[in-house]
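**Q** Provided herewith: coords_15.cif, mmCIF, C-alpha atoms.
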```cif
data_final
#
loop_
_atom_site.label_atom_id
_atom_site.label_comp_id
_atom_site.auth_asym_id
_atom_site.auth_seq_id
_atom_site.Cartn_x
_atom_site.Cartn_y
_atom_site.Cartn_z
CA MET A 9 149.38 47.23 -104.96
CA TYR A 10 146.44 47.61 -102.66
CA TYR A 11 142.84 46.80 -103.47
CA TYR A 12 139.99 48.34 -101.63
CA GLN A 13 136.90 46.36 -101.12
CA TYR A 14 133.68 48.25 -101.22
CA TYR A 15 130.74 46.75 -99.45
CA TYR A 16 127.37 47.77 -100.72
CA PRO A 17 124.55 47.49 -98.29
CA TYR A 18 122.47 44.47 -99.23
CA ARG A 19 118.76 45.08 -99.16
CA GLN A 20 116.53 42.14 -98.61
CA PRO A 21 113.26 42.34 -100.49
CA PRO A 22 110.24 42.65 -98.25
CA PRO A 23 108.37 39.42 -97.64
CA PRO A 24 105.46 38.86 -100.04
CA GLN A 25 102.10 40.08 -98.87
CA TYR A 26 99.49 37.34 -98.90
CA PRO A 27 95.83 37.69 -98.06
CA PRO A 28 94.69 36.40 -94.68
CA ILE A 29 94.16 32.65 -94.42
CA ASP A 30 90.55 31.60 -95.04
CA THR A 31 89.85 27.87 -95.03
CA ALA A 32 86.21 28.14 -96.16
CA ILE A 33 86.85 27.57 -99.87
CA PHE A 34 89.40 24.85 -99.15
CA GLY A 35 86.95 23.16 -96.78
CA HIS A 36 84.26 23.23 -99.46
CA SER A 37 86.71 21.67 -101.94
CA VAL A 38 87.52 18.93 -99.44
CA SER A 39 83.88 18.07 -98.84
CA SER A 40 83.14 18.17 -102.58
CA LEU A 41 86.06 15.86 -103.30
CA GLN A 42 84.82 13.47 -100.61
CA LYS A 43 81.53 13.26 -102.52
CA LEU A 44 83.45 12.63 -105.75
CA ALA A 45 85.41 9.88 -104.03
CA LEU A 46 82.21 8.16 -102.92
CA GLU A 47 80.74 8.39 -106.40
CA SER A 48 83.98 7.14 -107.96
CA SER A 49 83.73 4.16 -105.63
CA THR A 50 80.28 3.44 -107.07
CA LEU A 51 81.77 3.61 -110.59
CA LEU A 52 84.55 1.22 -109.65
CA LYS A 53 82.12 -1.26 -108.11
CA MET A 54 80.24 -1.40 -111.42
CA PHE A 55 83.49 -1.71 -113.37
CA ALA A 56 84.34 -4.73 -111.19
CA ASP A 57 81.25 -6.50 -112.55
CA PRO A 58 82.57 -8.60 -115.48
CA SER A 59 79.32 -8.27 -117.42
CA PHE A 60 79.32 -4.46 -117.15
CA SER A 61 83.03 -4.12 -117.93
CA HIS A 62 82.66 -6.41 -120.96
CA SER A 63 79.83 -4.23 -122.31
CA LEU A 64 81.84 -1.07 -121.65
CA MET A 65 84.99 -2.37 -123.31
CA THR A 66 83.07 -3.76 -126.29
CA ALA A 67 81.39 -0.40 -126.89
CA ALA A 68 84.71 1.44 -126.52
CA GLN A 69 86.49 -0.93 -128.89
CA ALA A 70 83.73 -0.37 -131.48
CA GLY A 71 84.15 3.41 -131.06
CA ASN A 72 80.56 3.74 -129.87
CA LYS A 73 80.94 6.80 -127.62
CA MET A 74 77.17 7.16 -127.18
CA LYS A 75 76.96 3.63 -125.78
CA VAL A 76 79.97 4.19 -123.50
CA ASP A 77 78.42 7.42 -122.16
CA SER A 78 75.07 5.66 -121.74
CA LEU A 79 76.67 2.85 -119.75
CA ILE A 80 78.45 5.33 -117.47
CA LYS A 81 75.21 7.30 -116.94
CA SER A 82 73.32 4.08 -116.17
CA ILE A 83 75.42 3.70 -113.01
CA GLY A 84 73.33 6.50 -111.51
CA ILE A 85 75.82 8.90 -110.00
CA SER A 86 74.93 12.60 -109.82
CA THR A 87 78.28 14.03 -110.93
CA PRO A 88 78.82 14.26 -114.69
CA VAL A 89 81.73 12.17 -115.93
CA THR A 90 83.88 13.03 -118.92
CA VAL A 91 85.03 9.81 -120.58
CA GLU A 92 87.91 9.30 -122.98
CA TYR A 93 89.28 5.95 -124.04
CA ASN A 94 91.83 4.39 -126.32
CA PRO A 95 92.98 0.83 -126.94
CA ASP A 96 95.02 0.88 -123.72
CA GLY A 97 92.44 2.08 -121.21
CA ILE A 98 89.79 4.54 -120.13
CA LEU A 99 90.19 8.02 -118.64
CA LEU A 100 87.40 9.27 -116.39
CA THR A 101 87.25 12.86 -115.16
CA MET A 102 84.76 14.05 -112.57
CA HIS A 103 84.36 17.77 -111.76
CA ALA A 104 82.61 19.07 -108.68
CA GLN A 105 80.92 22.44 -109.02
CA ALA A 106 81.36 25.07 -106.33
CA GLN A 107 77.89 25.88 -105.07
CA ALA A 108 78.37 29.59 -104.47
CA GLN A 109 80.69 30.47 -107.33
CA GLY A 110 79.30 28.15 -110.00
CA SER A 111 82.84 27.18 -110.95
CA GLN A 112 84.81 23.98 -110.61
CA CYS A 113 86.30 23.56 -107.17
CA CYS A 114 87.97 20.21 -107.60
CA THR A 115 88.58 17.42 -110.07
CA LEU A 116 89.03 13.69 -109.71
CA THR A 117 90.73 11.94 -112.61
CA MET A 118 91.13 8.18 -112.95
CA PHE A 119 92.86 6.20 -115.66
CA LEU A 120 92.12 2.49 -115.76
CA LYS A 121 94.32 0.34 -117.94
CA TRP A 122 92.68 -2.53 -119.81
CA ARG A 123 95.45 -3.59 -122.15
CA GLU A 124 99.24 -3.60 -122.28
CA PHE A 125 100.64 -0.75 -124.31
CA ARG A 126 102.34 -1.89 -127.49
CA GLY A 127 104.64 0.85 -128.69
#
```
Could I get this file's structure written as structure tokens?
**A**
Amino acid sequence: MYYYQYYYPYRQPPPPQYPPIDTAIFGHSVSSLQKLALESSTLLKMFADPSFSHSLMTAAQAGNKMKVDSLIKSIGISTPVTVEYNPDGILLTMHAQAQAQGSQCCTLTMFLKWREFRG
């Protein structure tokens, strides 16, 4: 018994069409994130101060979100910071706004642990 093999022509899909490379938006994101990094450094320097960190942790432990936000704002950075915390640590999120588009171009998120997790 003979078997015939049929070969079907294989068609490769055309390569995807992407828009031309434009580094302007990416460059803006990079420079905006550099600013966020500098401001996050200012935050971290204040957090390294035992007196400040004690006040921050005391307010967080008491569930006093207004005091926590007030302490963060007192540091004097220009970028708004979203703060969330729990018994294990604090989550800080900083968003840079794109100047031309009015939208977020980049985000810096930091989680700082202040207690061992007890599951």
**Q** Kindly give the distance, in Å, that separates atom CA of Leu41 of chain A and atom CA of Gln25 of chain A, rounded to a single decimal.
**A** 29.4 Å
**Q** Going by the chain IDs and residue numbers used in this file, which residues fall under the PyMOL selection byres ((chain A and resi 54-64) around 12)? Write them as a PDB file with C-alpha atoms, in the frame of the given file.
**A**
```pdb
ATOM      1  CA  GLU A  47      80.740   8.390-106.400  1.00  0.00           C
ATOM      2  CA  SER A  48      83.980   7.140-107.960  1.00  0.00           C
ATOM      3  CA  SER A  49      83.730   4.160-105.630  1.00  0.00           C
ATOM      4  CA  THR A  50      80.280   3.440-107.070  1.00  0.00           C
ATOM      5  CA  LEU A  51      81.770   3.610-110.590  1.00  0.00           C
ATOM      6  CA  LEU A  52      84.550   1.220-109.650  1.00  0.00           C
ATOM      7  CA  LYS A  53      82.120  -1.260-108.110  1.00  0.00           C
ATOM      8  CA  MET A  65      84.990  -2.370-123.310  1.00  0.00           C
ATOM      9  CA  THR A  66      83.070  -3.760-126.290  1.00  0.00           C
ATOM     10  CA  ALA A  67      81.390  -0.400-126.890  1.00  0.00           C
ATOM     11  CA  ALA A  68      84.710   1.440-126.520  1.00  0.00           C
ATOM     12  CA  GLN A  69      86.490  -0.930-128.890  1.00  0.00           C
ATOM     13  CA  ALA A  70      83.730  -0.370-131.480  1.00  0.00           C
ATOM     14  CA  GLY A  71      84.150   3.410-131.060  1.00  0.00           C
ATOM     15  CA  ASN A  72      80.560   3.740-129.870  1.00  0.00           C
ATOM     16  CA  LYS A  73      80.940   6.800-127.620  1.00  0.00           C
ATOM     17  CA  MET A  74      77.170   7.160-127.180  1.00  0.00           C
ATOM     18  CA  LYS A  75      76.960   3.630-125.780  1.00  0.00           C
ATOM     19  CA  VAL A  76      79.970   4.190-123.500  1.00  0.00           C
ATOM     20  CA  ASP A  77      78.420   7.420-122.160  1.00  0.00           C
ATOM     21  CA  SER A  78      75.070   5.660-121.740  1.00  0.00           C
ATOM     22  CA  LEU A  79      76.670   2.850-119.750  1.00  0.00           C
ATOM     23  CA  ILE A  80      78.450   5.330-117.470  1.00  0.00           C
ATOM     24  CA  LYS A  81      75.210   7.300-116.940  1.00  0.00           C
ATOM     25  CA  SER A  82      73.320   4.080-116.170  1.00  0.00           C
ATOM     26  CA  ILE A  83      75.420   3.700-113.010  1.00  0.00           C
ATOM     27  CA  GLY A  84      73.330   6.500-111.510  1.00  0.00           C
ATOM     28  CA  ILE A  85      75.820   8.900-110.000  1.00  0.00           C
ATOM     29  CA  VAL A  91      85.030   9.810-120.580  1.00  0.00           C
ATOM     30  CA  TYR A  93      89.280   5.950-124.040  1.00  0.00           C
ATOM     31  CA  GLY A  97      92.440   2.080-121.210  1.00  0.00           C
ATOM     32  CA  ILE A  98      89.790   4.540-120.130  1.00  0.00           C
ATOM     33  CA  LEU A 120      92.120   2.490-115.760  1.00  0.00           C
ATOM     34  CA  LYS A 121      94.320   0.340-117.940  1.00  0.00           C
ATOM     35  CA  TRP A 122      92.680  -2.530-119.810  1.00  0.00           C
TER      36      TRP A 122
END
```
**Q** Have a look at atom CA of Glu124 of chain A and atom CA of Thr90 of chain A and let me know their distance in Å, one decimal.
**A**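 Taking atom CA of Glu124 of chain A as the start and atom CA of Thr90 of chain A as the end point, the length is 22.9 Å.
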**Q** Taking into account all atoms listed in the file, which residue in the set A:Leu44, A:Thr101, A:Gln112, A:Met118 is nearest to Ser86 of chain A?
**A**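 Of A:Leu44, A:Thr101, A:Gln112, A:Met118, the one nearest Ser86 of chain A, counting all atoms listed in the file, is A:Leu44.
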**Q** Just checking: using only C-alpha atoms, which residue out of A:Ser111, A:Leu116, A:His103, A:Asp96 ends up closest to Ile33 of chain A?
**A**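 Nearest to Ile33 of chain A: A:Ser111.
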**Q** Could you tell me how far atom CA of Gln105 of chain A lies from atom CA of Gln42 of chain A, in Å and to one decimal?
**A**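 Between atom CA of Gln105 of chain A and atom CA of Gln42 of chain A the gap works out to 12.9 Å.
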**Q** For Ala32 of chain A, which residue among A:Cys113, A:Arg123, A:Leu46, A:Glu92 is the nearest when counting only C-alpha atoms?
**A**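 Between A:Cys113, A:Arg123, A:Leu46, A:Glu92, the residue approaching Ala32 of chain A most closely is A:Cys113.
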**Q** Using 4 Å of padding on each side, determine the axis-aligned box around all atoms of segment 48-63 of chain A present in the file and give its centre and edge lengths in Å to one decimal, as AutoDock Vina command-line options.
**A**
```
--center_x 81.9 --center_y -0.7 --center_z -114.0 --size_x 13.2 --size_y 23.7 --size_z 24.7
```
